[in-house]
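Here's the structure we're looking at; comments come further down.
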Amino acid sequence: MLTTERGRVAWADVAKGMCILLVVLWHVLMKHYLQIDWHISGQARGLWGTLGEQLLPLRMPLFFAVSGFFAVRAVQRPWPVVLRTRVAKFYYIYVVWLVIHTVVLAFVPDFGTERADGPLKFLAQLTITPSNLWYLYALALYFVIAKAAHRLPAWAVLTPAFLLSAAASAGLLAVPGDRAGVYQNLVFFLAGLYGKSLIEDLAAKASWRRLLLVGAPYAVLLAVVGVFDAKTWFGLWPVVSGVAIVLGVTAAGLVTRWEGLSKGLASIGSRTLPIYVMHMPLLALTHAALIGPLSAAGPATQWIVAIAEPVVLTGFLAWLCLVLYRYLPTSLFELPIRAPRAIRTVTRSSTAH
């Protein structure tokens with residue numbers, strides 16, 4: 001297994017770095033870039049939008065598969081340890097940043113994203129219909145499910161999770177807010193959990209040949225989805241996402257062979273949490289500041305913006321999140337309550353093995 005000097009799994013950090021940048025890029029495109037009042041012709045805007053859509057099956061499914069990959073040891077620990085170190089931790093961070101998002105987004109009402117515009121909706125986002133921070137909400141829930149089912153055979157857990165994902169992507173379930181993501185991605189978290197050795201092998205034996213062999217069917221499946229509007233075909237979307245995960249792990253394994261690129265992505269991938277929780281309110285404020293001037297800009301400026309802004313703004317937001325992270329209280333990113341001594345002892349013992 002390829003590791004960094006700090007003992008981290010290199011390909012996994014690279015994969016997480018790619019995923020978080022793609023998440024930020026998608027939000028930049030959909031919530032800002034495509035909302036600009038463009039006065040120029042050309043295909044740049046369409047190409048950016050198309051690129052974002054083609055990567056939809058990759059971003060969050062790969063993120064969850066990597067999270068499941070690292071969950072193997074955690075779900076084997078006693079319930080009190082799992083509930084505190086995983087479930088309570090992720091739900092605590094979700095609640096803290098839900099409050100922050102709600103306050104900040106209240107100042108930018110025209111920014112197009114899910115927000116709690118009243119007490120009832122805020123309560124719903126706390127409980128049954130998560131906000132755009134749904135990844136954290138989902139992780140807390142997934143660890144409960146994984147712990148409860150960890151003694152069952154893989155097929156008995158993955159089969160209902162696949163059916164849930166297929167039903168949600170086919171539009172057979174009510175998915176208000178960001179609930180669709182919670183339903184669709186459980187199977188990928190569990191796939192990472194039960195398929196850890198397979199994923200390790202994919203990353204270790206990554207090759208250009210395998211990348212092409214996986215990339216070709218992925219492109220075909222995307223073409224089928226695009227031409228026939230087949231995302232709602234029962235079972236197709238989770239299959240496409242499964243192929244995308246294999247492609248993403250293979251690509252991450254290859255990237256680790258280029259030290260400069262690998263180090264940069266791994267550095268970002270080891271700090272995805274602050275980028276994930278902070279980029280949306282920062283994007284909202286940036287959008288509020290830029291939408292007027294960019295919409296009123298002349299053709300020359302708009303041409304530059306149309307070509308370069310998604311990459312520049314994505315990089316700027318990721319950088320700003322990491323800068324702010326250095327100065328913000330740790331309690332915004334970690335559960336501030338220390339575990340009882342018995343739980344800490346069990347945790348240390350489990351980690352040693």
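Note on naming: chains are A, B, ... as they come in the structure tokens, residues start from 1 per chain, ligands start from 1 in the order shown.
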What are the closest atom pairs, with distances in Å to one decimal, for each residue of stretch 214-295 of chain A lying within 12 Å of stretch 303-310 of chain A, using only C-alpha atoms, rows by chain and rising residue number, as a tab-separated table?
```
residue	atom	partner	partner_atom	distance
A:Leu283	CA	A:Pro310	CA	11.7
A:His287	CA	A:Glu309	CA	12.0
A:Leu290	CA	A:Val305	CA	11.1
A:Ile291	CA	A:Val305	CA	11.6
A:Pro293	CA	A:Val305	CA	11.4
A:Leu294	CA	A:Val305	CA	8.1
A:Ser295	CA	A:Val305	CA	10.4
```
Once you have the residues from the selection above, write them out as a compact mmCIF listing (two decimals), in the first residue's frame, restricted to N, CA and C atoms.
```txt
# COMPACT_ATOMS: atom_id res chain seq x y z
N LEU A 283 -18.54 30.71 -1.18
CA LEU A 283 -18.99 30.84 -2.57
C LEU A 283 -20.19 31.77 -2.66
N HIS A 287 -20.16 35.00 -4.83
CA HIS A 287 -21.17 35.17 -5.89
C HIS A 287 -21.88 36.51 -5.76
N LEU A 290 -19.55 39.19 -7.05
CA LEU A 290 -19.09 39.14 -8.44
C LEU A 290 -20.20 39.13 -9.48
N ILE A 291 -21.39 38.67 -9.13
CA ILE A 291 -22.42 38.44 -10.14
C ILE A 291 -22.78 39.72 -10.90
N PRO A 293 -20.86 42.73 -11.33
CA PRO A 293 -19.78 43.17 -12.21
C PRO A 293 -19.52 42.23 -13.38
N LEU A 294 -19.58 40.92 -13.15
CA LEU A 294 -19.31 39.99 -14.25
C LEU A 294 -20.43 40.00 -15.28
N SER A 295 -21.67 40.16 -14.84
CA SER A 295 -22.80 40.22 -15.77
C SER A 295 -22.77 41.50 -16.60
```
Where does stretch 62-103 of chain A meet stretch 42-58 of chain A within 12 Å, residue by residue, with the nearest atom pair and distance in Å to one decimal for each, counting only C-alpha atoms, listed by chain and rising number, as a tab-separated table?
```
residue	atom	partner	partner_atom	distance
A:Leu62	CA	A:Leu58	CA	5.7
A:Phe63	CA	A:Leu58	CA	8.2
A:Phe64	CA	A:Leu58	CA	10.1
A:Ala65	CA	A:Leu58	CA	10.3
A:Val66	CA	A:Leu58	CA	11.8
```
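Here the question is which of A:Leu105, A:Ala138, A:Ala12, A:Met60 gets nearest to A:Met278 using only C-alpha atoms, and that residue is A:Leu105.
Nearest residue to A:Ala180, choosing from A:Ile128, A:Ala156, A:Ala289, A:Val239 and counting only C-alpha atoms: A:Ile128.
If you measure from each of A:Phe70, A:Asp178, A:Tyr325, A:Ala288 to A:Arg8 using only C-alpha atoms, the closest one turns out to be A:Phe70.
Those residues that approach A:Ala216 to within 12 Å, counting only C-alpha atoms, are Arg209, Arg210, Leu211, Leu221, Leu222, Ala223, Val240, Val243, Ala244 and Leu247 of chain A; same-chain residues fewer than 5 positions away are not listed.
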Write a file of the selected residues as a CSV table (one decimal), in the first residue's frame, keeping N, CA and C atoms.
```
chain,number,residue,atom,x,y,z
A,209,ARG,N,-3.2,0.9,-19.0
A,209,ARG,CA,-4.0,0.0,-19.7
A,209,ARG,C,-5.4,-0.2,-19.0
A,210,ARG,N,-5.3,-0.4,-17.7
A,210,ARG,CA,-6.5,-0.6,-16.9
A,210,ARG,C,-7.4,0.7,-16.9
A,211,LEU,N,-6.7,1.8,-16.9
A,211,LEU,CA,-7.4,3.1,-16.9
A,211,LEU,C,-8.2,3.2,-18.2
A,221,LEU,N,-21.3,4.2,-21.0
A,221,LEU,CA,-22.4,4.3,-20.1
A,221,LEU,C,-22.9,5.8,-20.0
A,222,LEU,N,-21.9,6.7,-19.9
A,222,LEU,CA,-22.3,8.1,-19.9
A,222,LEU,C,-23.0,8.5,-21.1
A,223,ALA,N,-22.6,8.0,-22.3
A,223,ALA,CA,-23.3,8.3,-23.5
A,223,ALA,C,-24.7,7.8,-23.5
A,240,VAL,N,-23.2,2.9,-13.1
A,240,VAL,CA,-22.3,3.9,-13.7
A,240,VAL,C,-21.4,4.4,-12.6
A,243,VAL,N,-18.6,1.9,-11.8
A,243,VAL,CA,-17.5,1.9,-12.8
A,243,VAL,C,-16.7,3.2,-12.5
A,244,ALA,N,-17.3,4.3,-12.2
A,244,ALA,CA,-16.6,5.5,-11.9
A,244,ALA,C,-15.6,5.4,-10.7
A,247,LEU,N,-12.6,3.6,-11.9
A,247,LEU,CA,-11.8,4.5,-12.7
A,247,LEU,C,-11.1,5.5,-11.8
```
Which residues are close to A:Ala146, i.e. within 9 Å by only C-alpha atoms, leaving aside same-chain residues fewer than 5 positions away? Reply as a list in words. Ala71, Val75, Leu141, Val157, Phe189, Leu190 and Leu193 of chain A
Taking only stretch 114-321 of chain A into account, list the residues labelled helix (DSSP H, G or I) by DSSP (computed from the backbone), as an NGL selection string. :A and (119-127 or 134-149 or 154-169 or 179-194 or 196-204 or 208-228 or 230-232 or 236-255 or 259-269 or 272-296 or 299-321)
From the set A:Thr330, A:Thr256, A:Tyr194, A:Asn185, which residue has the shortest atom-to-atom contact distance to A:Ala206, counting only C-alpha atoms? A:Thr256
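If you look at atom CA of A:Leu34 and atom CA of A:Gly264, they are 28.2 Å away from each other.
Considering only C-alpha atoms, the residue among A:Gly292, A:Tyr137, A:Arg115, A:Pro61 positioned nearest to A:Arg86 is A:Tyr137.
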What is the atom CA of A:Val108 to atom CA of A:Leu282 distance in Å? 10.8 Å
Give me the residues near A:Leu25 as an mmCIF file with all heavy atoms, in the first residue's frame, where near means some atom within 7 Å (using only C-alpha atoms) and where sequence neighbours in that chain fewer than 4 positions away do not count.
```
data_model
loop_
_atom_site.group_PDB
_atom_site.id
_atom_site.type_symbol
_atom_site.label_atom_id
_atom_site.label_comp_id
_atom_site.auth_asym_id
_atom_site.auth_seq_id
_atom_site.Cartn_x
_atom_site.Cartn_y
_atom_site.Cartn_z
ATOM 1 N N LEU A 21 -12.095 18.849 -4.816
ATOM 2 C CA LEU A 21 -11.960 19.902 -5.820
ATOM 3 C C LEU A 21 -13.080 19.815 -6.855
ATOM 4 O O LEU A 21 -13.605 20.843 -7.314
ATOM 5 C CB LEU A 21 -10.594 19.814 -6.507
ATOM 6 C CG LEU A 21 -9.393 20.191 -5.633
ATOM 7 C CD1 LEU A 21 -8.093 19.983 -6.407
ATOM 8 C CD2 LEU A 21 -9.489 21.635 -5.145
ATOM 9 N N LEU A 29 -19.759 26.013 -10.728
ATOM 10 C CA LEU A 29 -20.424 26.028 -12.037
ATOM 11 C C LEU A 29 -21.927 26.243 -11.894
ATOM 12 O O LEU A 29 -22.499 27.125 -12.551
ATOM 13 C CB LEU A 29 -20.166 24.704 -12.767
ATOM 14 C CG LEU A 29 -18.748 24.456 -13.259
ATOM 15 C CD1 LEU A 29 -18.616 23.034 -13.803
ATOM 16 C CD2 LEU A 29 -18.357 25.466 -14.329
ATOM 17 N N PRO A 310 -13.961 29.150 -13.675
ATOM 18 C CA PRO A 310 -14.239 27.959 -12.857
ATOM 19 C C PRO A 310 -13.009 27.395 -12.160
ATOM 20 O O PRO A 310 -13.055 27.062 -10.975
ATOM 21 C CB PRO A 310 -14.821 26.975 -13.878
ATOM 22 C CG PRO A 310 -15.463 27.852 -14.903
ATOM 23 C CD PRO A 310 -14.540 29.023 -15.026
ATOM 24 N N THR A 314 -12.403 27.913 -8.162
ATOM 25 C CA THR A 314 -12.312 26.665 -7.397
ATOM 26 C C THR A 314 -11.028 26.625 -6.583
ATOM 27 O O THR A 314 -11.045 26.303 -5.383
ATOM 28 C CB THR A 314 -12.371 25.458 -8.343
ATOM 29 O OG1 THR A 314 -13.651 25.419 -8.983
ATOM 30 C CG2 THR A 314 -12.149 24.157 -7.589
#
```
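The smallest atom-to-atom distance between A:Lys89 and any of A:Gly17, A:Ala252, A:Leu139, A:Ile275, using only C-alpha atoms, is found for A:Leu139.
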